[in-house]
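Everything below belongs to entry_29.txt, which stores compact mmCIF, N, CA and C atoms.
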# COMPACT_ATOMS: atom_id res chain seq x y z
N MET A 207 143.30 185.86 102.04
CA MET A 207 143.78 187.09 101.44
C MET A 207 142.76 187.68 100.47
N ASP A 208 142.10 186.82 99.68
CA ASP A 208 141.11 187.31 98.74
C ASP A 208 139.91 187.95 99.44
N ALA A 209 139.56 187.41 100.59
CA ALA A 209 138.44 187.99 101.34
C ALA A 209 138.77 189.39 101.82
N ASP A 210 140.01 189.60 102.25
CA ASP A 210 140.42 190.93 102.71
C ASP A 210 140.43 191.92 101.56
N LEU A 211 140.90 191.48 100.40
CA LEU A 211 140.93 192.35 99.23
C LEU A 211 139.51 192.68 98.77
N GLY A 212 138.64 191.70 98.81
CA GLY A 212 137.24 191.93 98.45
C GLY A 212 136.57 192.93 99.38
N ALA A 213 136.84 192.80 100.67
CA ALA A 213 136.28 193.74 101.64
C ALA A 213 136.82 195.14 101.42
N LEU A 214 138.10 195.24 101.09
CA LEU A 214 138.70 196.55 100.81
C LEU A 214 138.06 197.19 99.58
N VAL A 215 137.87 196.39 98.54
CA VAL A 215 137.25 196.92 97.31
C VAL A 215 135.84 197.42 97.60
N TRP A 216 135.05 196.66 98.35
CA TRP A 216 133.70 197.10 98.67
C TRP A 216 133.70 198.30 99.62
N GLY A 217 134.69 198.38 100.47
CA GLY A 217 134.82 199.55 101.34
C GLY A 217 135.11 200.81 100.54
N VAL A 218 136.00 200.68 99.56
CA VAL A 218 136.30 201.82 98.68
C VAL A 218 135.06 202.21 97.89
N ARG A 219 134.33 201.23 97.41
CA ARG A 219 133.11 201.52 96.65
C ARG A 219 132.08 202.23 97.52
N LEU A 220 131.98 201.82 98.76
CA LEU A 220 131.05 202.48 99.68
C LEU A 220 131.44 203.94 99.89
N VAL A 221 132.73 204.18 100.08
CA VAL A 221 133.21 205.56 100.23
C VAL A 221 132.93 206.36 98.96
N LEU A 222 133.10 205.75 97.80
CA LEU A 222 132.81 206.44 96.54
C LEU A 222 131.34 206.81 96.43
N VAL A 223 130.46 205.91 96.78
CA VAL A 223 129.02 206.19 96.69
C VAL A 223 128.63 207.29 97.67
N VAL A 224 129.13 207.22 98.89
CA VAL A 224 128.81 208.25 99.89
C VAL A 224 129.35 209.60 99.44
N SER A 225 130.55 209.62 98.89
CA SER A 225 131.14 210.86 98.39
C SER A 225 130.35 211.41 97.22
N LEU A 226 129.92 210.53 96.33
CA LEU A 226 129.12 210.98 95.18
C LEU A 226 127.80 211.58 95.63
N VAL A 227 127.15 210.95 96.58
CA VAL A 227 125.89 211.49 97.09
C VAL A 227 126.12 212.86 97.73
N ALA A 228 127.21 213.02 98.47
CA ALA A 228 127.51 214.31 99.10
C ALA A 228 127.77 215.39 98.05
N VAL A 229 128.55 215.05 97.03
CA VAL A 229 128.85 216.03 95.97
C VAL A 229 127.58 216.40 95.21
N LEU A 230 126.77 215.41 94.87
CA LEU A 230 125.52 215.71 94.15
C LEU A 230 124.57 216.53 95.02
N GLY A 231 124.54 216.28 96.31
CA GLY A 231 123.72 217.08 97.22
C GLY A 231 124.19 218.52 97.28
N LEU A 232 125.49 218.72 97.32
CA LEU A 232 126.04 220.07 97.34
C LEU A 232 125.71 220.81 96.03
N LEU A 233 125.89 220.13 94.91
CA LEU A 233 125.58 220.74 93.61
C LEU A 233 124.09 221.05 93.49
N TRP A 234 123.25 220.18 94.01
CA TRP A 234 121.81 220.42 93.98
C TRP A 234 121.45 221.65 94.82
N SER A 235 122.08 221.79 95.97
CA SER A 235 121.78 222.96 96.81
C SER A 235 122.25 224.25 96.15
N ILE A 236 123.38 224.21 95.45
CA ILE A 236 123.84 225.39 94.71
C ILE A 236 122.84 225.72 93.62
N TRP A 237 122.39 224.73 92.90
CA TRP A 237 121.43 224.96 91.82
C TRP A 237 120.13 225.53 92.37
N ARG A 238 119.64 224.96 93.47
CA ARG A 238 118.37 225.43 94.03
C ARG A 238 118.47 226.85 94.59
N SER A 239 119.63 227.23 95.09
CA SER A 239 119.74 228.56 95.69
C SER A 239 120.10 229.65 94.69
N ALA A 240 120.66 229.30 93.54
CA ALA A 240 121.09 230.33 92.60
C ALA A 240 120.37 230.27 91.25
N VAL A 241 120.18 229.10 90.71
CA VAL A 241 119.60 228.99 89.36
C VAL A 241 118.08 228.97 89.40
N ARG A 242 117.53 228.18 90.30
CA ARG A 242 116.07 228.04 90.36
C ARG A 242 115.33 229.36 90.60
N PRO A 243 115.79 230.22 91.53
CA PRO A 243 115.08 231.49 91.71
C PRO A 243 115.05 232.36 90.45
N VAL A 244 116.13 232.34 89.69
CA VAL A 244 116.16 233.12 88.44
C VAL A 244 115.12 232.59 87.47
N LEU A 245 115.05 231.28 87.34
CA LEU A 245 114.09 230.68 86.41
C LEU A 245 112.65 230.94 86.86
N LEU A 246 112.41 230.84 88.16
CA LEU A 246 111.06 231.10 88.68
C LEU A 246 110.66 232.57 88.50
N GLU A 247 111.58 233.48 88.75
CA GLU A 247 111.28 234.91 88.56
C GLU A 247 111.10 235.25 87.08
N LEU A 248 111.86 234.61 86.24
CA LEU A 248 111.70 234.80 84.80
C LEU A 248 110.31 234.36 84.36
N ARG A 249 109.87 233.21 84.84
CA ARG A 249 108.53 232.71 84.50
C ARG A 249 107.45 233.63 85.07
N ARG A 250 107.64 234.06 86.31
CA ARG A 250 106.65 234.95 86.93
C ARG A 250 106.54 236.27 86.18
N SER A 251 107.68 236.81 85.77
CA SER A 251 107.68 238.07 85.03
C SER A 251 107.01 237.93 83.68
N ARG A 252 107.30 236.82 83.02
CA ARG A 252 106.71 236.60 81.70
C ARG A 252 105.20 236.47 81.79
N HIS A 253 104.71 235.72 82.78
CA HIS A 253 103.26 235.54 82.92
C HIS A 253 102.57 236.84 83.35
N ALA A 254 103.26 237.64 84.15
CA ALA A 254 102.67 238.91 84.59
C ALA A 254 102.78 239.98 83.50
N GLY A 255 103.67 239.77 82.54
CA GLY A 255 103.89 240.78 81.52
C GLY A 255 104.66 241.98 82.04
N ASP A 256 105.31 241.83 83.17
CA ASP A 256 106.05 242.92 83.79
C ASP A 256 107.47 242.44 84.09
N TRP A 257 108.42 242.83 83.25
CA TRP A 257 109.80 242.37 83.41
C TRP A 257 110.52 243.03 84.57
N TRP A 258 109.91 244.07 85.15
CA TRP A 258 110.48 244.71 86.33
C TRP A 258 110.04 244.03 87.63
N ALA A 259 109.13 243.08 87.56
CA ALA A 259 108.55 242.47 88.77
C ALA A 259 109.59 241.96 89.78
N PRO A 260 110.67 241.29 89.37
CA PRO A 260 111.61 240.81 90.39
C PRO A 260 112.42 241.92 91.07
N TRP A 261 112.44 243.09 90.49
CA TRP A 261 113.36 244.14 90.96
C TRP A 261 112.66 245.23 91.76
N VAL A 262 111.36 245.31 91.68
CA VAL A 262 110.61 246.34 92.43
C VAL A 262 109.91 245.66 93.62
N PRO A 263 109.56 246.44 94.65
CA PRO A 263 108.89 245.84 95.81
C PRO A 263 107.54 245.23 95.42
N ARG A 264 107.19 244.18 96.12
CA ARG A 264 105.87 243.56 95.92
C ARG A 264 104.79 244.43 96.55
N GLU A 265 103.56 244.02 96.39
CA GLU A 265 102.44 244.80 96.94
C GLU A 265 102.54 244.96 98.46
N ASP A 266 103.06 243.93 99.14
CA ASP A 266 103.17 244.00 100.59
C ASP A 266 104.45 244.68 101.06
N GLY A 267 105.28 245.16 100.13
CA GLY A 267 106.50 245.87 100.47
C GLY A 267 107.73 244.99 100.58
N SER A 268 107.55 243.68 100.47
CA SER A 268 108.69 242.77 100.55
C SER A 268 109.40 242.70 99.19
N TRP A 269 110.58 242.11 99.21
CA TRP A 269 111.36 241.97 97.99
C TRP A 269 111.34 240.53 97.53
N GLY A 270 111.53 240.34 96.24
CA GLY A 270 111.58 239.00 95.68
C GLY A 270 112.89 238.29 95.98
N PRO A 271 113.03 237.03 95.57
CA PRO A 271 114.21 236.25 95.92
C PRO A 271 115.51 236.75 95.28
N LEU A 272 115.43 237.54 94.25
CA LEU A 272 116.65 238.04 93.61
C LEU A 272 117.17 239.33 94.24
N THR A 273 116.40 239.89 95.17
CA THR A 273 116.81 241.15 95.80
C THR A 273 116.58 241.16 97.31
N ASP A 274 116.32 240.02 97.91
CA ASP A 274 115.85 240.02 99.29
C ASP A 274 116.94 240.06 100.36
N ASN A 275 118.20 239.92 100.00
CA ASN A 275 119.22 240.00 101.05
C ASN A 275 120.17 241.17 100.80
N ARG A 276 121.03 241.42 101.75
CA ARG A 276 121.88 242.62 101.67
C ARG A 276 122.91 242.55 100.55
N TRP A 277 123.32 241.34 100.16
CA TRP A 277 124.32 241.23 99.09
C TRP A 277 123.71 241.52 97.72
N TRP A 278 122.43 241.21 97.58
CA TRP A 278 121.77 241.41 96.28
C TRP A 278 120.92 242.67 96.26
N ALA A 279 120.99 243.46 97.31
CA ALA A 279 120.16 244.66 97.40
C ALA A 279 120.48 245.69 96.32
N GLU A 280 121.67 245.61 95.74
CA GLU A 280 122.04 246.55 94.68
C GLU A 280 121.13 246.42 93.45
N PHE A 281 120.48 245.29 93.33
CA PHE A 281 119.60 245.07 92.17
C PHE A 281 118.20 245.63 92.39
N ARG A 282 117.92 246.12 93.58
CA ARG A 282 116.59 246.66 93.87
C ARG A 282 116.33 247.95 93.10
N ALA A 283 115.07 248.14 92.77
CA ALA A 283 114.63 249.39 92.12
C ALA A 283 113.34 249.83 92.81
N ARG A 284 113.31 251.05 93.28
CA ARG A 284 112.10 251.56 93.94
C ARG A 284 110.95 251.72 92.94
N GLU A 285 111.31 252.00 91.70
CA GLU A 285 110.30 252.14 90.65
C GLU A 285 110.90 251.67 89.33
N ARG A 286 110.06 251.42 88.38
CA ARG A 286 110.51 250.96 87.08
C ARG A 286 111.33 252.05 86.41
N GLY A 287 112.46 251.66 85.85
CA GLY A 287 113.36 252.64 85.27
C GLY A 287 113.59 252.42 83.78
N GLU A 288 114.80 252.70 83.37
CA GLU A 288 115.16 252.61 81.96
C GLU A 288 115.35 251.16 81.53
N ARG A 289 115.25 250.94 80.24
CA ARG A 289 115.42 249.60 79.70
C ARG A 289 116.85 249.10 79.89
N SER A 290 117.81 250.01 79.87
CA SER A 290 119.21 249.59 80.05
C SER A 290 119.44 249.04 81.46
N ALA A 291 118.81 249.66 82.45
CA ALA A 291 118.92 249.17 83.83
C ALA A 291 118.28 247.79 83.96
N LEU A 292 117.17 247.60 83.30
CA LEU A 292 116.51 246.30 83.30
C LEU A 292 117.38 245.26 82.60
N ALA A 293 117.99 245.63 81.50
CA ALA A 293 118.86 244.71 80.75
C ALA A 293 120.07 244.31 81.58
N VAL A 294 120.64 245.25 82.32
CA VAL A 294 121.79 244.93 83.17
C VAL A 294 121.38 243.94 84.26
N ARG A 295 120.25 244.19 84.90
CA ARG A 295 119.80 243.29 85.96
C ARG A 295 119.57 241.87 85.44
N TRP A 296 118.81 241.76 84.36
CA TRP A 296 118.54 240.44 83.80
C TRP A 296 119.81 239.82 83.21
N GLY A 297 120.68 240.63 82.66
CA GLY A 297 121.93 240.11 82.09
C GLY A 297 122.83 239.51 83.16
N VAL A 298 122.98 240.21 84.28
CA VAL A 298 123.82 239.71 85.37
C VAL A 298 123.24 238.41 85.92
N TRP A 299 121.95 238.42 86.24
CA TRP A 299 121.34 237.22 86.81
C TRP A 299 121.26 236.09 85.79
N GLY A 300 121.01 236.42 84.54
CA GLY A 300 121.02 235.38 83.51
C GLY A 300 122.39 234.75 83.37
N GLY A 301 123.43 235.57 83.42
CA GLY A 301 124.80 235.05 83.36
C GLY A 301 125.13 234.17 84.55
N VAL A 302 124.72 234.61 85.73
CA VAL A 302 124.96 233.80 86.94
C VAL A 302 124.24 232.45 86.82
N ALA A 303 122.98 232.49 86.40
CA ALA A 303 122.22 231.25 86.27
C ALA A 303 122.83 230.33 85.21
N LEU A 304 123.28 230.90 84.11
CA LEU A 304 123.88 230.10 83.05
C LEU A 304 125.19 229.46 83.50
N VAL A 305 126.07 230.25 84.08
CA VAL A 305 127.37 229.74 84.51
C VAL A 305 127.21 228.69 85.61
N LEU A 306 126.40 228.98 86.62
CA LEU A 306 126.23 228.02 87.70
C LEU A 306 125.44 226.79 87.25
N GLY A 307 124.47 226.98 86.39
CA GLY A 307 123.71 225.83 85.89
C GLY A 307 124.57 224.89 85.09
N VAL A 308 125.32 225.43 84.14
CA VAL A 308 126.22 224.60 83.34
C VAL A 308 127.32 224.01 84.21
N GLY A 309 127.84 224.80 85.12
CA GLY A 309 128.89 224.30 86.02
C GLY A 309 128.40 223.15 86.90
N CYS A 310 127.20 223.26 87.42
CA CYS A 310 126.66 222.18 88.26
C CYS A 310 126.44 220.90 87.45
N VAL A 311 125.92 221.04 86.26
CA VAL A 311 125.71 219.86 85.41
C VAL A 311 127.05 219.23 85.03
N ALA A 312 128.02 220.05 84.66
CA ALA A 312 129.34 219.52 84.29
C ALA A 312 130.02 218.86 85.48
N ALA A 313 129.93 219.47 86.64
CA ALA A 313 130.55 218.88 87.84
C ALA A 313 129.86 217.58 88.23
N ALA A 314 128.55 217.52 88.11
CA ALA A 314 127.83 216.28 88.43
C ALA A 314 128.22 215.18 87.46
N ALA A 315 128.31 215.52 86.17
CA ALA A 315 128.71 214.53 85.17
C ALA A 315 130.13 214.04 85.44
N ALA A 316 131.03 214.94 85.77
CA ALA A 316 132.41 214.56 86.06
C ALA A 316 132.49 213.67 87.30
N ALA A 317 131.69 213.96 88.31
CA ALA A 317 131.69 213.14 89.52
C ALA A 317 131.19 211.73 89.22
N VAL A 318 130.13 211.63 88.44
CA VAL A 318 129.60 210.31 88.09
C VAL A 318 130.59 209.54 87.25
N VAL A 319 131.21 210.19 86.26
CA VAL A 319 132.20 209.53 85.43
C VAL A 319 133.39 209.08 86.27
N GLY A 320 133.82 209.90 87.21
CA GLY A 320 134.93 209.53 88.07
C GLY A 320 134.63 208.31 88.93
N VAL A 321 133.42 208.26 89.48
CA VAL A 321 133.04 207.10 90.29
C VAL A 321 132.96 205.85 89.43
N VAL A 322 132.37 205.96 88.25
CA VAL A 322 132.26 204.81 87.36
C VAL A 322 133.65 204.32 86.94
N ALA A 323 134.55 205.24 86.68
CA ALA A 323 135.91 204.86 86.25
C ALA A 323 136.65 204.12 87.36
N VAL A 324 136.46 204.53 88.60
CA VAL A 324 137.15 203.89 89.71
C VAL A 324 136.45 202.58 90.09
N TRP A 325 135.15 202.53 89.90
CA TRP A 325 134.35 201.37 90.28
C TRP A 325 134.79 200.11 89.56
N VAL A 326 135.06 200.24 88.27
CA VAL A 326 135.35 199.08 87.44
C VAL A 326 136.71 198.51 87.70

Please rewrite the model in this file as structure tokens.
Amino acid sequence: MDADLGALVWGVRLVLVVSLVAVLGLLWSIWRSAVRPVLLELRRSRHAGDWWAPWVPREDGSWGPLTDNRWWAEFRARERGERSALAVRWGVWGGVALVLGVGCVAAAAAAVVGVVAVWV
């Protein structure tokens, strides 16, 4: 009977580890697709000295990662505009990056704490 219980406990632990890896992978992909591009564009803009860089077309006519698909096309600007328009763009994306970044870290911490609590 003890051998069966031991096998069950290790089976549950295996499921917990696999689930934790899946959750952490999902959170990592969310972070990489939403938070990382904002941070990279922020760094690129700061080094270029041009805060409009993510929102205007590049030299080759393509768009940056914050404006390259149809859902985010509303953030595009054909030319540099007013400071308020720039503030709205950076404010929206900064808020998205902050909320998703903090949310991913909090969810990852909660997942690890949950696995540790059940493990013992």

For a test of reading the model, state the distance in Å between atom N of Val311 (chain A) and atom C of Val229 (chain A), rounded to one decimal.
10.2 Å

Could you list, as a list in words, every residue within 7 Å of Leu306 (chain A), counting only N, CA and C atoms and ignoring same-chain residues fewer than 6 positions away?
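Residues meeting the cut-off are Ile236, Trp237 and Val241 of chain A.
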
For Arg284 (chain A), work out the shell of residues within 12 Å, counting only C-alpha atoms and skipping chain neighbours fewer than 5 positions away, then give it as a ChimeraX atom specification.
/A:258-264,267-269,273,279

Contacts of region 212-226 of chain A at 10 Å or less, counting only C-alpha atoms, minus same-chain residues fewer than 6 places along, as a PDB file with N, CA and C atoms, in the frame of the given file?
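Result written to around.pdb:
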ATOM      1  N   LEU A 232     125.490 218.720  97.320  1.00  0.00           N
ATOM      2  CA  LEU A 232     126.040 220.070  97.340  1.00  0.00           C
ATOM      3  C   LEU A 232     125.710 220.810  96.030  1.00  0.00           C
ATOM      4  N   ALA A 314     128.550 217.520  88.110  1.00  0.00           N
ATOM      5  CA  ALA A 314     127.830 216.280  88.430  1.00  0.00           C
ATOM      6  C   ALA A 314     128.220 215.180  87.460  1.00  0.00           C
ATOM      7  N   ALA A 317     131.690 213.960  88.310  1.00  0.00           N
ATOM      8  CA  ALA A 317     131.690 213.140  89.520  1.00  0.00           C
ATOM      9  C   ALA A 317     131.190 211.730  89.220  1.00  0.00           C
ATOM     10  N   VAL A 318     130.130 211.630  88.440  1.00  0.00           N
ATOM     11  CA  VAL A 318     129.600 210.310  88.090  1.00  0.00           C
ATOM     12  C   VAL A 318     130.590 209.540  87.250  1.00  0.00           C
ATOM     13  N   GLY A 320     133.820 209.900  87.210  1.00  0.00           N
ATOM     14  CA  GLY A 320     134.930 209.530  88.070  1.00  0.00           C
ATOM     15  C   GLY A 320     134.630 208.310  88.930  1.00  0.00           C
ATOM     16  N   VAL A 321     133.420 208.260  89.480  1.00  0.00           N
ATOM     17  CA  VAL A 321     133.040 207.100  90.290  1.00  0.00           C
ATOM     18  C   VAL A 321     132.960 205.850  89.430  1.00  0.00           C
ATOM     19  N   VAL A 322     132.370 205.960  88.250  1.00  0.00           N
ATOM     20  CA  VAL A 322     132.260 204.810  87.360  1.00  0.00           C
ATOM     21  C   VAL A 322     133.650 204.320  86.940  1.00  0.00           C
ATOM     22  N   VAL A 324     136.460 204.530  88.600  1.00  0.00           N
ATOM     23  CA  VAL A 324     137.150 203.890  89.710  1.00  0.00           C
ATOM     24  C   VAL A 324     136.450 202.580  90.090  1.00  0.00           C
ATOM     25  N   TRP A 325     135.150 202.530  89.900  1.00  0.00           N
ATOM     26  CA  TRP A 325     134.350 201.370  90.280  1.00  0.00           C
ATOM     27  C   TRP A 325     134.790 200.110  89.560  1.00  0.00           C
ATOM     28  N   VAL A 326     135.060 200.240  88.270  1.00  0.00           N
ATOM     29  CA  VAL A 326     135.350 199.080  87.440  1.00  0.00           C
ATOM     30  C   VAL A 326     136.710 198.510  87.700  1.00  0.00           C
TER      31      VAL A 326
END

As an exercise, work out the distance from CA of Pro243 (chain A) to atom C of Ala316 (chain A) in Å and give it to one decimal place.
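Computing the Euclidean distance for CA of Pro243 (chain A) and atom C of Ala316 (chain A) yields 25.3 Å.
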
CA of Val305 (chain A) to CA of Trp234 (chain A), straight-line distance in Å:
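Answer for the CA of Trp234 (chain A) to CA of Val305 (chain A) separation: 14.4 Å.
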
Nearest residue to Gly301 (chain A) from the set A:Glu265, A:Arg252, A:Leu245, A:Leu211 (distances using only C-alpha atoms):
A:Leu245

Can you tell me, as a ChimeraX atom specification, what residues are no more than 6.5 Å from Ala303 (chain A) when counting all atoms listed in the file, ignoring any on the same chain fewer than 5 positions away?
/A:240-241,298,308

Backbone-only DSSP, helix (DSSP H, G or I) members of chain A, as a VMD selection string:
chain A and resid 208 to 254 279 to 281 289 to 325

Got a minute to add N, CA, C and O atoms to region 251-265 of chain A and dump it as a PDB file, in the coordinates of the input?
ATOM      1  N   SER A 251     107.680 236.810  85.770  1.00  0.00           N
ATOM      2  CA  SER A 251     107.680 238.070  85.030  1.00  0.00           C
ATOM      3  C   SER A 251     107.010 237.930  83.680  1.00  0.00           C
ATOM      4  O   SER A 251     106.264 238.799  83.235  1.00  0.00           O
ATOM      5  N   ARG A 252     107.300 236.820  83.020  1.00  0.00           N
ATOM      6  CA  ARG A 252     106.710 236.600  81.700  1.00  0.00           C
ATOM      7  C   ARG A 252     105.200 236.470  81.790  1.00  0.00           C
ATOM      8  O   ARG A 252     104.463 237.048  80.994  1.00  0.00           O
ATOM      9  N   HIS A 253     104.710 235.720  82.780  1.00  0.00           N
ATOM     10  CA  HIS A 253     103.260 235.540  82.920  1.00  0.00           C
ATOM     11  C   HIS A 253     102.570 236.840  83.350  1.00  0.00           C
ATOM     12  O   HIS A 253     101.440 237.089  82.930  1.00  0.00           O
ATOM     13  N   ALA A 254     103.260 237.640  84.150  1.00  0.00           N
ATOM     14  CA  ALA A 254     102.670 238.910  84.590  1.00  0.00           C
ATOM     15  C   ALA A 254     102.780 239.980  83.500  1.00  0.00           C
ATOM     16  O   ALA A 254     102.079 240.986  83.554  1.00  0.00           O
ATOM     17  N   GLY A 255     103.670 239.770  82.540  1.00  0.00           N
ATOM     18  CA  GLY A 255     103.890 240.780  81.520  1.00  0.00           C
ATOM     19  C   GLY A 255     104.660 241.980  82.040  1.00  0.00           C
ATOM     20  O   GLY A 255     104.644 243.043  81.421  1.00  0.00           O
ATOM     21  N   ASP A 256     105.310 241.830  83.170  1.00  0.00           N
ATOM     22  CA  ASP A 256     106.050 242.920  83.790  1.00  0.00           C
ATOM     23  C   ASP A 256     107.470 242.440  84.090  1.00  0.00           C
ATOM     24  O   ASP A 256     107.715 241.723  85.046  1.00  0.00           O
ATOM     25  N   TRP A 257     108.420 242.830  83.250  1.00  0.00           N
ATOM     26  CA  TRP A 257     109.800 242.370  83.410  1.00  0.00           C
ATOM     27  C   TRP A 257     110.520 243.030  84.570  1.00  0.00           C
ATOM     28  O   TRP A 257     111.585 242.588  84.987  1.00  0.00           O
ATOM     29  N   TRP A 258     109.910 244.070  85.150  1.00  0.00           N
ATOM     30  CA  TRP A 258     110.480 244.710  86.330  1.00  0.00           C
ATOM     31  C   TRP A 258     110.040 244.030  87.630  1.00  0.00           C
ATOM     32  O   TRP A 258     110.528 244.373  88.709  1.00  0.00           O
ATOM     33  N   ALA A 259     109.130 243.080  87.560  1.00  0.00           N
ATOM     34  CA  ALA A 259     108.550 242.470  88.770  1.00  0.00           C
ATOM     35  C   ALA A 259     109.590 241.960  89.780  1.00  0.00           C
ATOM     36  O   ALA A 259     109.409 242.167  90.982  1.00  0.00           O
ATOM     37  N   PRO A 260     110.670 241.290  89.370  1.00  0.00           N
ATOM     38  CA  PRO A 260     111.610 240.810  90.390  1.00  0.00           C
ATOM     39  C   PRO A 260     112.420 241.920  91.070  1.00  0.00           C
ATOM     40  O   PRO A 260     113.002 241.685  92.128  1.00  0.00           O
ATOM     41  N   TRP A 261     112.440 243.090  90.490  1.00  0.00           N
ATOM     42  CA  TRP A 261     113.360 244.140  90.960  1.00  0.00           C
ATOM     43  C   TRP A 261     112.660 245.230  91.760  1.00  0.00           C
ATOM     44  O   TRP A 261     113.325 245.999  92.442  1.00  0.00           O
ATOM     45  N   VAL A 262     111.360 245.310  91.680  1.00  0.00           N
ATOM     46  CA  VAL A 262     110.610 246.340  92.430  1.00  0.00           C
ATOM     47  C   VAL A 262     109.910 245.660  93.620  1.00  0.00           C
ATOM     48  O   VAL A 262     109.696 244.451  93.613  1.00  0.00           O
ATOM     49  N   PRO A 263     109.560 246.440  94.650  1.00  0.00           N
ATOM     50  CA  PRO A 263     108.890 245.840  95.810  1.00  0.00           C
ATOM     51  C   PRO A 263     107.540 245.230  95.420  1.00  0.00           C
ATOM     52  O   PRO A 263     106.860 245.708  94.517  1.00  0.00           O
ATOM     53  N   ARG A 264     107.190 244.180  96.120  1.00  0.00           N
ATOM     54  CA  ARG A 264     105.870 243.560  95.920  1.00  0.00           C
ATOM     55  C   ARG A 264     104.790 244.430  96.550  1.00  0.00           C
ATOM     56  O   ARG A 264     105.087 245.436  97.182  1.00  0.00           O
ATOM     57  N   GLU A 265     103.560 244.020  96.390  1.00  0.00           N
ATOM     58  CA  GLU A 265     102.440 244.800  96.940  1.00  0.00           C
ATOM     59  C   GLU A 265     102.540 244.960  98.460  1.00  0.00           C
ATOM     60  O   GLU A 265     102.153 245.978  99.014  1.00  0.00           O
TER      61      GLU A 265
END
